[in-house]
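Here is the structure we will look at.
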Amino acid sequence: KNIYSCGFCKHCSWLESDKVKPACLFLVSKGRMEDGPPPPPEVPPEDILECINSKKWNFRVAGYEKAIEALESGEKSAADILPLCKKACLDSHAAAQEQGVKLASASFKHASVDEASRFAGEVGKAICDKCLGGRPGTKNAAAECVLEIVAAEQAETLLPQLVTAFKARQPKVVLGAVSAVRGALQAFGPKIVSAKAVLKAMMPLFEHSDKNVRSETLGMAVDFYCFLGEAVKSHFEELRSAQVKELEEQFSSATVGSLRPKRFIRSAKPEPADTAAPSASESQASIPDASQNAASSTNGASECEIDPLDLVDEVDILKQLSKGWPDAVLKAAKWQERKELLDELCTLASTPKITPGDFGDIMRSLKRLTGDSMVVVAALAVKALGLLGKGLRKDFSTAAKICISSVLEKLKDKNRGMLEACHATLDAFVPACVTLQDISDDLLEVLGGKVPKAKGEVYSF
């Protein structure tokens, strides 16, 4: 009796049983084919949607590949494909999932900002939940998809989801999230990838049980330092001394300004340069001199400059201040009581950033106390005004203009503590709250007066 080929190898084909090799005999014994050679392999459907919705993983892979080709050629728009991306990123088969994430990346690459905004949330969540801890190909595709979503101006939607993944139970998911955020930081810089949100969320990762997570977190801290310089160091002061020492060693070997954004979001993308060959005269005219190079370098440096206060959380001191403080400090009969209340305000106002609120009554009480008979109390009142101006900045502008005359009036005082408080307050007001032009009339009034000491102090300021 003839034994037909099993289709798994080429050792046998319509041979007698005694000529079939043992391995093939084993396969034939498991499933004898009495009807001839096996049927040809199935071909995926032509329709993309039918392929993507197929139960066969290899058909879905073919569908994702066709969809990417259709996007690249313009046959399909991102609006047609984006609704399919969430399901593609959650594909149960590893190989199909990897191709599905690549499809999501291509979709956001070709999507408008409005189209991307509608799907960034659900696709970002799918990537954070199921892709960051996947096999290497899937993780790389997920990191690229993160970059495309950020480029489509959806960092505010995606970043909170990535930061939430920092708390995942599986170390590989945490590592994938940190790597994705670090890649986005290196590509777009700390203005797009919110330095404040990431710095706050990454602190617990220095104590993570997985050494790879700790190493990647340390690398991201160095990246922030290269972008922002000394402004980030204060965020790491609460770490253990050994960790702070390790960070300082890394910072000392890094160069501030060595990292620059490599990619741009859609609204900030520069116009492509003209590729036409310039004439000889144009080439000669376009050669920049040293001053132009310096200006260009300065402009490049300013792209990554961030106000250090933007990295600090606001503190609502009005909620912490004693109830009825403005009236209590004025009604206090003893100067020690007034000093104690002023010390309370100064302690609270020493925070770098104060939450804006109604400081009108407090400002009026402090203005009156600058004329207190006790120099200690008056100096504390002046100091408190400066601390409020420094913490509230432009939100204290109106109050600063009202109080500036009282502060300048105290410049004629001979007490050293009072003069130091006045200069500190003036430095806090200008230019954080007001400009010199805003207070020019008050300054000229003192300069036109008859007190030489006050004039000298104004000139010194």
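If you're wondering about the labels, chains in the structure tokens are A, B, ... by order shown, residues count from 1 in each chain, ligands from 1 in order shown.
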
| said: Which residues are near A:Trp57? Cut-off 10 Å, only C-alpha atoms, ignore same chain within fewer than 5 positions. Put them as a list in words. | reply: Cys51, Ile52, Ala62, Gly63, Asp91, Ser92, His93, Ala94, Ala95, Ala96 and Gln97 of chain A

For A:Gln320, work out the shell of residues within 12 Å, counting only C-alpha atoms and skipping chain neighbours fewer than 2 positions away, then give it as an mmCIF file with N, CA, C and O atoms, in the first residue's frame.
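And here's out-v1.cif as it stands now:
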```cif
data_model
loop_
_atom_site.group_PDB
_atom_site.id
_atom_site.type_symbol
_atom_site.label_atom_id
_atom_site.label_comp_id
_atom_site.auth_asym_id
_atom_site.auth_seq_id
_atom_site.Cartn_x
_atom_site.Cartn_y
_atom_site.Cartn_z
ATOM 1 N N VAL A 315 2.473 76.507 47.092
ATOM 2 C CA VAL A 315 2.026 76.266 48.469
ATOM 3 C C VAL A 315 0.970 77.305 48.821
ATOM 4 O O VAL A 315 1.199 78.513 48.664
ATOM 5 N N ASP A 316 -0.171 76.841 49.291
ATOM 6 C CA ASP A 316 -1.267 77.739 49.674
ATOM 7 C C ASP A 316 -1.070 78.146 51.123
ATOM 8 O O ASP A 316 -1.507 77.453 52.050
ATOM 9 N N ILE A 317 -0.398 79.269 51.354
ATOM 10 C CA ILE A 317 -0.095 79.679 52.726
ATOM 11 C C ILE A 317 -1.301 80.305 53.410
ATOM 12 O O ILE A 317 -1.340 80.386 54.646
ATOM 13 N N LEU A 318 -2.283 80.758 52.632
ATOM 14 C CA LEU A 318 -3.475 81.357 53.256
ATOM 15 C C LEU A 318 -4.231 80.338 54.093
ATOM 16 O O LEU A 318 -4.828 80.684 55.129
ATOM 17 N N SER A 322 -2.758 81.633 60.507
ATOM 18 C CA SER A 322 -3.758 81.728 61.583
ATOM 19 C C SER A 322 -4.980 82.511 61.120
ATOM 20 O O SER A 322 -4.861 83.514 60.403
ATOM 21 N N LYS A 323 -6.137 82.061 61.542
ATOM 22 C CA LYS A 323 -7.387 82.717 61.153
ATOM 23 C C LYS A 323 -7.432 84.131 61.736
ATOM 24 O O LYS A 323 -7.132 84.356 62.898
ATOM 25 N N GLY A 324 -7.818 85.086 60.896
ATOM 26 C CA GLY A 324 -7.895 86.478 61.339
ATOM 27 C C GLY A 324 -6.543 87.116 61.570
ATOM 28 O O GLY A 324 -6.429 88.069 62.357
ATOM 29 N N TRP A 325 -5.512 86.641 60.882
ATOM 30 C CA TRP A 325 -4.149 87.142 61.095
ATOM 31 C C TRP A 325 -4.036 88.649 60.865
ATOM 32 O O TRP A 325 -3.416 89.348 61.695
ATOM 33 N N GLU A 344 5.544 83.921 62.025
ATOM 34 C CA GLU A 344 4.704 82.864 61.444
ATOM 35 C C GLU A 344 4.516 83.097 59.942
ATOM 36 O O GLU A 344 4.675 82.179 59.120
ATOM 37 N N LEU A 345 4.200 84.352 59.583
ATOM 38 C CA LEU A 345 3.995 84.674 58.173
ATOM 39 C C LEU A 345 5.293 84.504 57.374
ATOM 40 O O LEU A 345 5.283 83.944 56.270
ATOM 41 N N THR A 347 7.813 82.560 57.954
ATOM 42 C CA THR A 347 8.143 81.140 57.805
ATOM 43 C C THR A 347 7.340 80.524 56.671
ATOM 44 O O THR A 347 7.878 79.784 55.827
ATOM 45 N N LEU A 348 6.047 80.829 56.632
ATOM 46 C CA LEU A 348 5.193 80.275 55.581
ATOM 47 C C LEU A 348 5.533 80.867 54.215
ATOM 48 O O LEU A 348 5.515 80.163 53.201
ATOM 49 N N ALA A 349 5.847 82.161 54.188
ATOM 50 C CA ALA A 349 6.100 82.839 52.912
ATOM 51 C C ALA A 349 7.496 82.552 52.358
ATOM 52 O O ALA A 349 7.811 82.991 51.245
ATOM 53 N N ILE A 354 4.234 80.603 45.884
ATOM 54 C CA ILE A 354 3.019 80.743 46.697
ATOM 55 C C ILE A 354 1.799 80.736 45.791
ATOM 56 O O ILE A 354 1.792 81.361 44.728
ATOM 57 N N THR A 355 0.763 80.039 46.230
ATOM 58 C CA THR A 355 -0.481 80.006 45.474
ATOM 59 C C THR A 355 -1.158 81.379 45.522
ATOM 60 O O THR A 355 -1.354 81.938 46.607
#
```

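The coordinates place atom CA of A:Asp372 at 12.5 Å from atom CA of A:Lys331.
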
| task | Run DSSP on the backbone and grab whatever in stretch 81-291 of chain A lands in helix (DSSP H, G or I); send it over as a PyMOL selection string. | result | chain A and resi 81-89+94-110+113-130+136-151+155-167+171-188+195-207+211-236+241-253+266-268+280-285+290-291

What are the nearest atom pairs, with distances in Å to one decimal, for all residues of stretch 110-135 of chain A that come at most 8 Å from stretch 152-161 of chain A, using only C-alpha atoms, set out by chain and rising residue number as a tab-separated table?
```
residue	atom	partner	partner_atom	distance
A:Ala111	CA	A:Ala152	CA	7.5
A:Ser112	CA	A:Ala152	CA	7.1
A:Val113	CA	A:Ala152	CA	5.4
A:Ala116	CA	A:Ala152	CA	6.4
A:Ser117	CA	A:Gln154	CA	6.4
A:Ala120	CA	A:Gln154	CA	6.7
A:Gly121	CA	A:Thr157	CA	6.1
A:Gly124	CA	A:Leu158	CA	5.8
A:Lys125	CA	A:Gln161	CA	6.4
A:Cys128	CA	A:Gln161	CA	6.9
```

Excluding A:Ser460 and its own-chain neighbours fewer than 2 positions away, which residues fall within 12 Å of it when counting only C-alpha atoms? Please give them as a short mmCIF file (atom, residue, chain, number, x, y, z; two decimals) with all heavy atoms, in the first residue's frame.
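Done, and the output landed in selection-v2.cif:
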```
data_model
loop_
_atom_site.label_atom_id
_atom_site.label_comp_id
_atom_site.auth_asym_id
_atom_site.auth_seq_id
_atom_site.Cartn_x
_atom_site.Cartn_y
_atom_site.Cartn_z
N LEU A 411 14.55 103.53 54.04
CA LEU A 411 15.96 103.55 53.65
C LEU A 411 16.75 104.62 54.40
O LEU A 411 17.98 104.59 54.42
CB LEU A 411 16.10 103.78 52.14
CG LEU A 411 15.68 102.62 51.23
CD1 LEU A 411 15.77 103.02 49.77
CD2 LEU A 411 16.56 101.39 51.49
N LEU A 419 17.90 98.14 56.99
CA LEU A 419 18.42 98.40 55.64
C LEU A 419 18.57 97.10 54.84
O LEU A 419 18.25 97.05 53.65
CB LEU A 419 19.77 99.12 55.74
CG LEU A 419 19.73 100.56 56.27
CD1 LEU A 419 21.13 101.11 56.41
CD2 LEU A 419 18.89 101.44 55.37
N CYS A 422 15.15 96.09 53.72
CA CYS A 422 14.66 96.95 52.63
C CYS A 422 15.28 96.56 51.29
O CYS A 422 14.58 96.45 50.28
CB CYS A 422 14.97 98.42 52.94
SG CYS A 422 13.96 99.13 54.26
N HIS A 423 16.58 96.35 51.28
CA HIS A 423 17.25 95.98 50.03
C HIS A 423 16.80 94.60 49.54
O HIS A 423 16.63 94.39 48.33
CB HIS A 423 18.77 96.02 50.22
CG HIS A 423 19.35 97.39 50.12
ND1 HIS A 423 19.48 98.07 48.93
CD2 HIS A 423 19.81 98.23 51.08
CE1 HIS A 423 20.01 99.26 49.14
NE2 HIS A 423 20.22 99.39 50.45
N LEU A 426 13.34 95.15 48.01
CA LEU A 426 13.43 95.83 46.72
C LEU A 426 13.95 94.88 45.63
O LEU A 426 13.45 94.88 44.51
CB LEU A 426 14.35 97.05 46.83
CG LEU A 426 13.82 98.23 47.65
CD1 LEU A 426 14.89 99.28 47.85
CD2 LEU A 426 12.58 98.83 47.00
N ASP A 427 14.94 94.06 45.99
CA ASP A 427 15.45 93.08 45.02
C ASP A 427 14.41 92.03 44.68
O ASP A 427 14.38 91.52 43.56
CB ASP A 427 16.70 92.39 45.60
CG ASP A 427 17.89 93.33 45.67
OD1 ASP A 427 17.89 94.33 44.93
OD2 ASP A 427 18.82 93.07 46.48
N LEU A 443 11.00 106.38 43.18
CA LEU A 443 12.45 106.50 43.30
C LEU A 443 12.89 107.96 43.16
O LEU A 443 13.74 108.45 43.92
CB LEU A 443 13.14 105.64 42.23
CG LEU A 443 12.96 104.12 42.36
CD1 LEU A 443 13.54 103.43 41.14
CD2 LEU A 443 13.62 103.60 43.62
N LEU A 447 15.01 110.52 45.62
CA LEU A 447 16.22 111.17 45.13
C LEU A 447 16.11 112.70 45.16
O LEU A 447 17.11 113.40 45.24
CB LEU A 447 16.52 110.71 43.70
CG LEU A 447 16.91 109.23 43.54
CD1 LEU A 447 17.05 108.87 42.07
CD2 LEU A 447 18.21 108.94 44.28
N LYS A 453 21.31 110.02 53.12
CA LYS A 453 21.44 108.58 53.31
C LYS A 453 20.44 107.82 52.46
O LYS A 453 20.78 106.80 51.82
CB LYS A 453 21.25 108.21 54.79
CG LYS A 453 21.39 106.73 55.05
CD LYS A 453 21.46 106.42 56.52
CE LYS A 453 21.63 104.94 56.76
NZ LYS A 453 22.78 104.36 56.04
N ALA A 454 19.20 108.29 52.42
CA ALA A 454 18.18 107.63 51.61
C ALA A 454 18.56 107.68 50.13
O ALA A 454 18.38 106.69 49.40
CB ALA A 454 16.82 108.29 51.83
N LYS A 455 19.10 108.84 49.68
CA LYS A 455 19.53 108.95 48.29
C LYS A 455 20.63 107.92 47.98
O LYS A 455 20.60 107.25 46.94
CB LYS A 455 20.06 110.36 48.02
CG LYS A 455 19.03 111.46 48.09
CD LYS A 455 19.68 112.79 47.77
CE LYS A 455 18.69 113.95 47.88
NZ LYS A 455 19.33 115.24 47.55
N GLY A 456 21.60 107.80 48.89
CA GLY A 456 22.69 106.86 48.68
C GLY A 456 22.20 105.42 48.59
O GLY A 456 22.68 104.63 47.76
N GLU A 457 21.23 105.08 49.43
CA GLU A 457 20.70 103.72 49.41
C GLU A 457 19.93 103.43 48.11
O GLU A 457 19.99 102.32 47.58
CB GLU A 457 19.79 103.50 50.63
CG GLU A 457 20.48 103.57 51.97
CD GLU A 457 21.51 102.47 52.17
OE1 GLU A 457 21.45 101.45 51.48
OE2 GLU A 457 22.43 102.66 53.01
N VAL A 458 19.23 104.46 47.60
CA VAL A 458 18.51 104.28 46.34
C VAL A 458 19.50 104.08 45.21
O VAL A 458 19.33 103.21 44.35
CB VAL A 458 17.59 105.48 46.06
CG1 VAL A 458 17.06 105.44 44.63
CG2 VAL A 458 16.44 105.50 47.04
#
```

| note | Residue with the minimum atom-to-atom distance to A:Gly137, picked from A:Val376, A:Ala88, A:Val101, A:Cys226 with only C-alpha atoms counted, is A:Val101

| said: Residues near A:Leu90, anyone? I mean within 8 Å using only C-alpha atoms, not counting same-chain ones fewer than 4 positions away, as a ChimeraX atom specification. | reply: /A:86,97,126-127,130-131

| said: Between A:Gln170, A:Gln336, A:Ser73, A:Thr255, which residue has the minimum interatomic distance to A:Asp210, considering only C-alpha atoms? | reply: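 Of all the options, A:Gln170 lies closest to A:Asp210.
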
Write out as a PDB file with N, CA and C atoms, in the first residue's frame each polymer residue whose atoms come within 10 Å of A:Ala70, counting only C-alpha atoms; drop sequence neighbours fewer than 6 positions from it.
```pdb
ATOM      1  N   ILE A  48      -8.472  44.982   3.882  1.00  0.00           N
ATOM      2  CA  ILE A  48      -7.662  45.240   5.087  1.00  0.00           C
ATOM      3  C   ILE A  48      -8.458  44.984   6.353  1.00  0.00           C
ATOM      4  N   TYR A  64      -2.256  44.285   9.223  1.00  0.00           N
ATOM      5  CA  TYR A  64      -1.538  45.440   9.774  1.00  0.00           C
ATOM      6  C   TYR A  64      -0.506  45.948   8.774  1.00  0.00           C
ATOM      7  N   LYS A  76      -5.085  55.098   2.264  1.00  0.00           N
ATOM      8  CA  LYS A  76      -5.920  55.218   3.453  1.00  0.00           C
ATOM      9  C   LYS A  76      -5.452  56.415   4.266  1.00  0.00           C
ATOM     10  N   SER A  77      -6.379  57.063   4.959  1.00  0.00           N
ATOM     11  CA  SER A  77      -6.029  58.187   5.824  1.00  0.00           C
ATOM     12  C   SER A  77      -5.914  57.704   7.267  1.00  0.00           C
ATOM     13  N   ALA A  78      -5.263  58.515   8.102  1.00  0.00           N
ATOM     14  CA  ALA A  78      -5.124  58.159   9.517  1.00  0.00           C
ATOM     15  C   ALA A  78      -6.485  58.052  10.194  1.00  0.00           C
ATOM     16  N   ILE A  81      -7.717  54.525   9.981  1.00  0.00           N
ATOM     17  CA  ILE A  81      -6.976  53.478  10.671  1.00  0.00           C
ATOM     18  C   ILE A  81      -6.939  53.664  12.189  1.00  0.00           C
TER      19      ILE A  81
END
```
